[in-house]
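Working notes for the structure below.
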Amino acid sequence: MYDMGTRKRALALVAQGRSLNSVSKETGVSRSAIRSWQIRIEPLDRNRAQPCPRCCDAPQGPSDPAAYAYLLGLYLGDGCISRLRRGAYFLRIACADAWPGLIDACAEAMQILRPANKVFRVQRQGCQYVTCYSKHWPCLFPQHGPGKKHERPIVLEPWQQEIVDAHPWEFIRGLIHSDGCRIINWTTRPVDGVCKRYEYPRYFFTNMSDDIRRLYTDTLDKLGIQWTHCTRNGNPYNISVAKKASVALMDAHVGPKY
């Protein structure tokens, strides 16, 4: 929970024309939190039950669609929903210890969507499970079902697709933060008869689900990002973004994990 001074300072920096990314790096506050403060600066009352936007008489989308798009990407990559005996469910997303900023961003997005439910972190070897209990997770993530995600169809509901279309970069960022990475590739080429090393950045997204990879590439297409399939043992497995202009766009909106 951030105090009012932190919230006002972050919003003041944004008002100066600063990008959410730069303000996030300076203050240590996730971009999703800053974005939510632009809508409502006052802390939400976690002691008051929050209705599910999908369970009401006229179903609506989540109150913060950008945070939802990011969390949807994380869920499709490294998340799962499990049912408890008493009828509640818990959403769990595995985040590597190497990326503490990612862990904070995941917890913040989860808390924004279910402000009355406690988000906690369970330490395991090399990673943390960011977890939150709510009976409404299947409402928010209807892709939940028995079995592994890559062994069953994964299709977005129309209301989910509308959110992804409105906030494509948050969705891409969630997918990269879960099953993607930014690396430096290298190759050699002759220059004036001398073999020189050449390095260039590249984004990879790896997922065994054809459907999830297609959601990723369809969104890249809409953003004008060039990509290629890289196979493993003859099977499509990795999505690569290596063209200079496309990498520059990815850097501006996604960047390396942190």
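Note on naming: chains are A, B, ... as they come in the structure tokens, residues start from 1 per chain, ligands start from 1 in the order shown.
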Problem set entry | Which of region 9-222 of chain A DSSP labels alpha helix (DSSP H), written as a VMD selection string | chain A and resid 9 to 15 20 to 27 31 to 39 65 to 78 100 to 113 137 to 140 158 to 166 168 to 179 210 to 222
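Neighbouring residues of Asn207 (chain A) at 9 Å or closer, counting only C-alpha atoms and skipping chain neighbours under 5 positions away, are Gly77, His150, Asp179, Gly180, Ile212, Arg213, Tyr237, Asn238 and Ile239 of chain A.
In this structure, CA of Asp97 (chain A) sits 22.5 Å away from CA of Arg202 (chain A).
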With a distance cut-off of 12 Å and only C-alpha atoms, select the neighbouring residues of region 245-251 of chain A, excluding the residue or stretch itself and same-chain residues fewer than 2 positions from it, and output the selection as a short mmCIF file (atom, residue, chain, number, x, y, z; two decimals) with all heavy atoms, in the first residue's frame.
data_model
loop_
_atom_site.label_atom_id
_atom_site.label_comp_id
_atom_site.auth_asym_id
_atom_site.auth_seq_id
_atom_site.Cartn_x
_atom_site.Cartn_y
_atom_site.Cartn_z
N ASN A 21 6.89 4.70 -17.93
CA ASN A 21 8.06 3.85 -17.73
C ASN A 21 9.13 4.57 -16.93
O ASN A 21 9.70 4.01 -15.98
CB ASN A 21 8.61 3.41 -19.09
CG ASN A 21 9.64 2.30 -18.96
OD1 ASN A 21 9.43 1.32 -18.27
ND2 ASN A 21 10.76 2.45 -19.65
N PRO A 168 -2.96 -3.44 -26.23
CA PRO A 168 -2.13 -4.52 -26.77
C PRO A 168 -0.75 -4.62 -26.14
O PRO A 168 -0.23 -5.72 -25.93
CB PRO A 168 -2.05 -4.21 -28.26
CG PRO A 168 -2.28 -2.72 -28.34
CD PRO A 168 -3.26 -2.42 -27.25
N TRP A 169 -0.16 -3.46 -25.83
CA TRP A 169 1.20 -3.51 -25.29
C TRP A 169 1.23 -4.10 -23.89
O TRP A 169 2.19 -4.78 -23.52
CB TRP A 169 1.83 -2.12 -25.31
CG TRP A 169 2.31 -1.70 -26.66
CD1 TRP A 169 1.87 -0.66 -27.41
CD2 TRP A 169 3.34 -2.34 -27.43
NE1 TRP A 169 2.55 -0.60 -28.61
CE2 TRP A 169 3.46 -1.62 -28.64
CE3 TRP A 169 4.17 -3.43 -27.22
CZ2 TRP A 169 4.37 -1.96 -29.64
CZ3 TRP A 169 5.08 -3.79 -28.21
CH2 TRP A 169 5.17 -3.06 -29.40
N GLU A 170 0.20 -3.85 -23.09
CA GLU A 170 0.15 -4.45 -21.76
C GLU A 170 0.02 -5.97 -21.87
O GLU A 170 0.62 -6.72 -21.08
CB GLU A 170 -1.01 -3.87 -20.95
CG GLU A 170 -0.87 -2.39 -20.64
CD GLU A 170 0.38 -2.08 -19.85
OE1 GLU A 170 0.79 -2.92 -19.02
OE2 GLU A 170 0.97 -1.00 -20.07
N ILE A 172 1.07 -7.84 -24.47
CA ILE A 172 2.38 -8.33 -24.94
C ILE A 172 3.38 -8.34 -23.79
O ILE A 172 4.17 -9.28 -23.63
CB ILE A 172 2.89 -7.44 -26.09
CG1 ILE A 172 2.03 -7.63 -27.35
CG2 ILE A 172 4.36 -7.74 -26.40
CD1 ILE A 172 2.08 -9.02 -27.94
N ARG A 173 3.35 -7.28 -22.99
CA ARG A 173 4.29 -7.18 -21.86
C ARG A 173 4.07 -8.32 -20.87
O ARG A 173 5.03 -8.93 -20.37
CB ARG A 173 4.11 -5.82 -21.17
CG ARG A 173 5.11 -5.51 -20.08
CD ARG A 173 5.04 -4.02 -19.74
NE ARG A 173 5.78 -3.72 -18.54
CZ ARG A 173 5.22 -3.53 -17.36
NH1 ARG A 173 3.90 -3.62 -17.22
NH2 ARG A 173 5.95 -3.26 -16.30
N ILE A 176 5.51 -11.52 -22.47
CA ILE A 176 6.98 -11.51 -22.43
C ILE A 176 7.48 -11.72 -21.00
O ILE A 176 8.45 -12.45 -20.76
CB ILE A 176 7.53 -10.20 -23.01
CG1 ILE A 176 7.29 -10.14 -24.52
CG2 ILE A 176 9.03 -10.05 -22.71
CD1 ILE A 176 8.06 -11.17 -25.32
N GLY A 180 8.67 -14.99 -22.05
CA GLY A 180 9.52 -14.36 -23.04
C GLY A 180 10.81 -13.82 -22.44
O GLY A 180 11.05 -13.91 -21.23
N CYS A 181 11.63 -13.25 -23.29
CA CYS A 181 12.90 -12.66 -22.82
C CYS A 181 13.45 -11.74 -23.90
O CYS A 181 13.06 -11.81 -25.07
CB CYS A 181 13.92 -13.74 -22.48
SG CYS A 181 14.44 -14.74 -23.90
N ARG A 182 14.33 -10.86 -23.49
CA ARG A 182 15.10 -10.02 -24.41
C ARG A 182 16.56 -10.42 -24.24
O ARG A 182 17.10 -10.36 -23.14
CB ARG A 182 14.92 -8.54 -24.09
CG ARG A 182 15.67 -7.59 -25.05
CD ARG A 182 15.61 -6.17 -24.53
NE ARG A 182 16.12 -5.19 -25.47
CZ ARG A 182 17.42 -4.88 -25.61
NH1 ARG A 182 18.33 -5.49 -24.86
NH2 ARG A 182 17.79 -3.96 -26.49
N ILE A 183 17.18 -10.85 -25.32
CA ILE A 183 18.57 -11.32 -25.25
C ILE A 183 19.42 -10.57 -26.26
O ILE A 183 18.90 -9.85 -27.13
CB ILE A 183 18.66 -12.84 -25.51
CG1 ILE A 183 18.20 -13.15 -26.95
CG2 ILE A 183 17.83 -13.63 -24.51
CD1 ILE A 183 18.45 -14.59 -27.36
N ILE A 184 20.71 -10.75 -26.16
CA ILE A 184 21.65 -10.21 -27.14
C ILE A 184 22.21 -11.37 -27.94
O ILE A 184 22.90 -12.24 -27.40
CB ILE A 184 22.79 -9.43 -26.46
CG1 ILE A 184 22.23 -8.27 -25.63
CG2 ILE A 184 23.78 -8.91 -27.50
CD1 ILE A 184 21.50 -7.22 -26.45
N TYR A 200 23.33 -7.98 -31.64
CA TYR A 200 22.05 -7.30 -31.84
C TYR A 200 21.02 -7.85 -30.86
O TYR A 200 21.06 -9.03 -30.50
CB TYR A 200 21.56 -7.48 -33.28
CG TYR A 200 21.31 -8.90 -33.69
CD1 TYR A 200 20.03 -9.46 -33.64
CD2 TYR A 200 22.36 -9.71 -34.14
CE1 TYR A 200 19.80 -10.77 -34.02
CE2 TYR A 200 22.13 -11.02 -34.53
CZ TYR A 200 20.86 -11.55 -34.47
OH TYR A 200 20.64 -12.85 -34.84
N PRO A 201 20.10 -7.01 -30.37
CA PRO A 201 19.08 -7.46 -29.43
C PRO A 201 17.98 -8.23 -30.15
O PRO A 201 17.71 -8.01 -31.34
CB PRO A 201 18.55 -6.17 -28.81
CG PRO A 201 18.77 -5.14 -29.88
CD PRO A 201 20.03 -5.55 -30.60
N ARG A 202 17.31 -9.10 -29.39
CA ARG A 202 16.27 -9.95 -29.96
C ARG A 202 15.29 -10.34 -28.87
O ARG A 202 15.69 -10.58 -27.73
CB ARG A 202 16.93 -11.19 -30.56
CG ARG A 202 16.03 -12.11 -31.37
CD ARG A 202 16.87 -13.26 -31.91
NE ARG A 202 16.19 -13.98 -32.97
CZ ARG A 202 16.74 -14.98 -33.65
NH1 ARG A 202 17.98 -15.36 -33.37
NH2 ARG A 202 16.06 -15.60 -34.60
N TYR A 203 14.02 -10.39 -29.21
CA TYR A 203 13.00 -10.86 -28.27
C TYR A 203 12.57 -12.28 -28.66
O TYR A 203 12.38 -12.58 -29.84
CB TYR A 203 11.78 -9.94 -28.29
CG TYR A 203 11.95 -8.66 -27.52
CD1 TYR A 203 12.55 -7.56 -28.12
CD2 TYR A 203 11.52 -8.55 -26.20
CE1 TYR A 203 12.71 -6.37 -27.41
CE2 TYR A 203 11.68 -7.37 -25.49
CZ TYR A 203 12.28 -6.29 -26.10
OH TYR A 203 12.43 -5.12 -25.40
N PHE A 204 12.43 -13.12 -27.65
CA PHE A 204 11.90 -14.46 -27.84
C PHE A 204 10.65 -14.64 -26.99
O PHE A 204 10.57 -14.16 -25.86
CB PHE A 204 12.92 -15.52 -27.43
CG PHE A 204 13.86 -15.93 -28.52
CD1 PHE A 204 15.22 -15.68 -28.40
CD2 PHE A 204 13.40 -16.57 -29.66
CE1 PHE A 204 16.10 -16.07 -29.40
CE2 PHE A 204 14.27 -16.95 -30.67
CZ PHE A 204 15.63 -16.70 -30.54
N LEU A 220 0.97 -8.94 -32.24
CA LEU A 220 2.14 -8.32 -32.87
C LEU A 220 1.80 -7.79 -34.26
O LEU A 220 2.24 -6.70 -34.64
CB LEU A 220 3.28 -9.34 -32.97
CG LEU A 220 3.96 -9.80 -31.68
CD1 LEU A 220 5.08 -10.78 -32.00
CD2 LEU A 220 4.50 -8.62 -30.87
N ASP A 221 1.02 -8.56 -35.01
CA ASP A 221 0.63 -8.12 -36.35
C ASP A 221 -0.13 -6.80 -36.29
O ASP A 221 0.10 -5.90 -37.12
CB ASP A 221 -0.25 -9.18 -37.02
CG ASP A 221 0.53 -10.42 -37.44
OD1 ASP A 221 1.77 -10.32 -37.58
OD2 ASP A 221 -0.09 -11.48 -37.63
N LEU A 223 0.17 -4.53 -34.18
CA LEU A 223 1.07 -3.46 -33.77
C LEU A 223 2.14 -3.18 -34.82
O LEU A 223 2.97 -2.28 -34.63
CB LEU A 223 1.75 -3.84 -32.44
CG LEU A 223 0.83 -3.88 -31.22
CD1 LEU A 223 1.55 -4.56 -30.06
CD2 LEU A 223 0.38 -2.49 -30.83
N GLY A 224 2.13 -3.95 -35.91
CA GLY A 224 3.13 -3.74 -36.96
C GLY A 224 4.49 -4.30 -36.63
O GLY A 224 5.51 -3.85 -37.18
N ILE A 225 4.55 -5.29 -35.75
CA ILE A 225 5.81 -5.91 -35.35
C ILE A 225 6.09 -7.10 -36.25
O ILE A 225 5.25 -7.99 -36.41
CB ILE A 225 5.76 -6.38 -33.88
CG1 ILE A 225 5.47 -5.20 -32.95
CG2 ILE A 225 7.06 -7.07 -33.50
CD1 ILE A 225 6.55 -4.16 -32.91
N GLN A 226 7.27 -7.14 -36.85
CA GLN A 226 7.68 -8.27 -37.67
C GLN A 226 8.21 -9.39 -36.78
O GLN A 226 9.00 -9.14 -35.86
CB GLN A 226 8.75 -7.85 -38.68
CG GLN A 226 8.25 -6.88 -39.74
CD GLN A 226 9.34 -6.51 -40.72
OE1 GLN A 226 10.14 -5.61 -40.46
NE2 GLN A 226 9.39 -7.19 -41.86
N TRP A 227 7.82 -10.62 -37.08
CA TRP A 227 8.23 -11.76 -36.27
C TRP A 227 8.43 -12.97 -37.15
O TRP A 227 7.98 -13.01 -38.30
CB TRP A 227 7.17 -12.07 -35.20
CG TRP A 227 5.79 -12.32 -35.78
CD1 TRP A 227 4.83 -11.38 -36.02
CD2 TRP A 227 5.26 -13.56 -36.23
NE1 TRP A 227 3.72 -11.96 -36.58
CE2 TRP A 227 3.95 -13.31 -36.72
CE3 TRP A 227 5.74 -14.88 -36.27
CZ2 TRP A 227 3.14 -14.32 -37.24
CZ3 TRP A 227 4.94 -15.89 -36.78
CH2 TRP A 227 3.65 -15.60 -37.26
N THR A 228 9.13 -13.96 -36.62
CA THR A 228 9.34 -15.22 -37.32
C THR A 228 9.19 -16.37 -36.34
O THR A 228 9.40 -16.22 -35.13
CB THR A 228 10.75 -15.30 -37.95
OG1 THR A 228 11.74 -15.11 -36.93
CG2 THR A 228 10.92 -14.25 -39.03
N SER A 240 10.28 -15.23 -32.64
CA SER A 240 11.42 -14.31 -32.58
C SER A 240 11.07 -12.96 -33.17
O SER A 240 10.41 -12.89 -34.21
CB SER A 240 12.61 -14.91 -33.34
OG SER A 240 13.63 -13.95 -33.55
N VAL A 241 11.50 -11.90 -32.52
CA VAL A 241 11.42 -10.54 -33.05
C VAL A 241 12.84 -10.01 -33.09
O VAL A 241 13.46 -9.82 -32.04
CB VAL A 241 10.53 -9.63 -32.18
CG1 VAL A 241 10.57 -8.19 -32.69
CG2 VAL A 241 9.09 -10.13 -32.16
N ALA A 242 13.38 -9.82 -34.30
CA ALA A 242 14.78 -9.44 -34.43
C ALA A 242 15.01 -8.24 -35.34
O ALA A 242 16.10 -7.66 -35.33
CB ALA A 242 15.60 -10.63 -34.93
N LYS A 243 14.01 -7.86 -36.16
CA LYS A 243 14.18 -6.70 -37.03
C LYS A 243 14.39 -5.44 -36.19
O LYS A 243 13.72 -5.24 -35.17
CB LYS A 243 12.96 -6.54 -37.93
CG LYS A 243 12.78 -7.65 -38.95
CD LYS A 243 13.86 -7.62 -40.02
CE LYS A 243 13.59 -8.66 -41.10
NZ LYS A 243 14.62 -8.62 -42.16
N HIS A 253 8.08 -0.15 -25.42
CA HIS A 253 6.84 -0.49 -24.72
C HIS A 253 6.97 -1.68 -23.77
O HIS A 253 6.10 -1.86 -22.90
CB HIS A 253 5.74 -0.79 -25.73
CG HIS A 253 5.35 0.40 -26.57
ND1 HIS A 253 4.48 1.37 -26.13
CD2 HIS A 253 5.73 0.77 -27.82
CE1 HIS A 253 4.32 2.29 -27.06
NE2 HIS A 253 5.07 1.95 -28.09
N VAL A 254 7.97 -2.50 -23.94
CA VAL A 254 8.12 -3.68 -23.10
C VAL A 254 9.46 -3.66 -22.36
O VAL A 254 9.52 -3.55 -21.15
CB VAL A 254 8.01 -4.99 -23.95
CG1 VAL A 254 8.18 -6.21 -23.04
CG2 VAL A 254 6.67 -5.04 -24.67
N GLY A 255 10.55 -3.74 -23.09
CA GLY A 255 11.87 -3.72 -22.49
C GLY A 255 12.23 -5.03 -21.81
O GLY A 255 11.42 -5.95 -21.72
N PRO A 256 13.46 -5.14 -21.32
CA PRO A 256 13.89 -6.36 -20.64
C PRO A 256 13.20 -6.52 -19.30
O PRO A 256 12.68 -5.56 -18.73
CB PRO A 256 15.40 -6.17 -20.48
CG PRO A 256 15.59 -4.68 -20.47
CD PRO A 256 14.55 -4.13 -21.40
N LYS A 257 13.19 -7.73 -18.81
CA LYS A 257 12.65 -7.97 -17.47
C LYS A 257 13.53 -7.27 -16.44
O LYS A 257 14.70 -7.00 -16.67
CB LYS A 257 12.60 -9.47 -17.18
CG LYS A 257 11.70 -10.25 -18.13
CD LYS A 257 11.70 -11.74 -17.77
CE LYS A 257 10.89 -12.54 -18.74
NZ LYS A 257 10.88 -13.99 -18.42
#
For this session: Run DSSP on the backbone of this structure and report the residues of region 13-257 of chain A it assigns to strand (DSSP E), as a VMD selection string.
Result: chain A and resid 79 to 83 89 to 96 119 to 124 127 to 134 180 to 191 194 to 206 228 to 232 235 to 241
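Residues in contact range of Cys132 (chain A), defined as at most 10 Å between only C-alpha atoms, with sequence neighbours fewer than 2 positions away removed, read Ile81, Tyr89, Phe90, Leu91, Arg92, Ile93, Ala107, Met110, Gln111, Arg114, Asn117, Lys118, Val119, Phe120, Arg121, Tyr129, Val130, Ser134 and Trp137 of chain A.
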Shell around Ile112 (chain A) at 8 Å using only C-alpha atoms, local window under 6 positions removed, as a PDB file with N, CA and C atoms, in the first residue's frame:
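The resulting file, selection_7.pdb, is shown below:
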ATOM      1  N   ALA A  33       0.045   0.533 -11.365  1.00  0.00           N
ATOM      2  CA  ALA A  33      -0.410   1.279 -10.191  1.00  0.00           C
ATOM      3  C   ALA A  33      -0.546   2.770 -10.504  1.00  0.00           C
ATOM      4  N   SER A  36      -3.585   3.366 -12.532  1.00  0.00           N
ATOM      5  CA  SER A  36      -4.819   3.297 -11.743  1.00  0.00           C
ATOM      6  C   SER A  36      -4.997   4.549 -10.901  1.00  0.00           C
ATOM      7  N   ASP A  64     -10.014  -1.828 -14.328  1.00  0.00           N
ATOM      8  CA  ASP A  64      -8.746  -1.360 -14.877  1.00  0.00           C
ATOM      9  C   ASP A  64      -8.338  -2.308 -16.001  1.00  0.00           C
ATOM     10  N   ALA A  67      -4.479  -3.114 -16.491  1.00  0.00           N
ATOM     11  CA  ALA A  67      -3.938  -4.068 -15.519  1.00  0.00           C
ATOM     12  C   ALA A  67      -4.421  -5.476 -15.853  1.00  0.00           C
TER      13      ALA A  67
END
For this session: Find the distance between CA of Arg124 (chain A) and CA of Pro100 (chain A) and write it in Å to one decimal.
Result: 14.1 Å
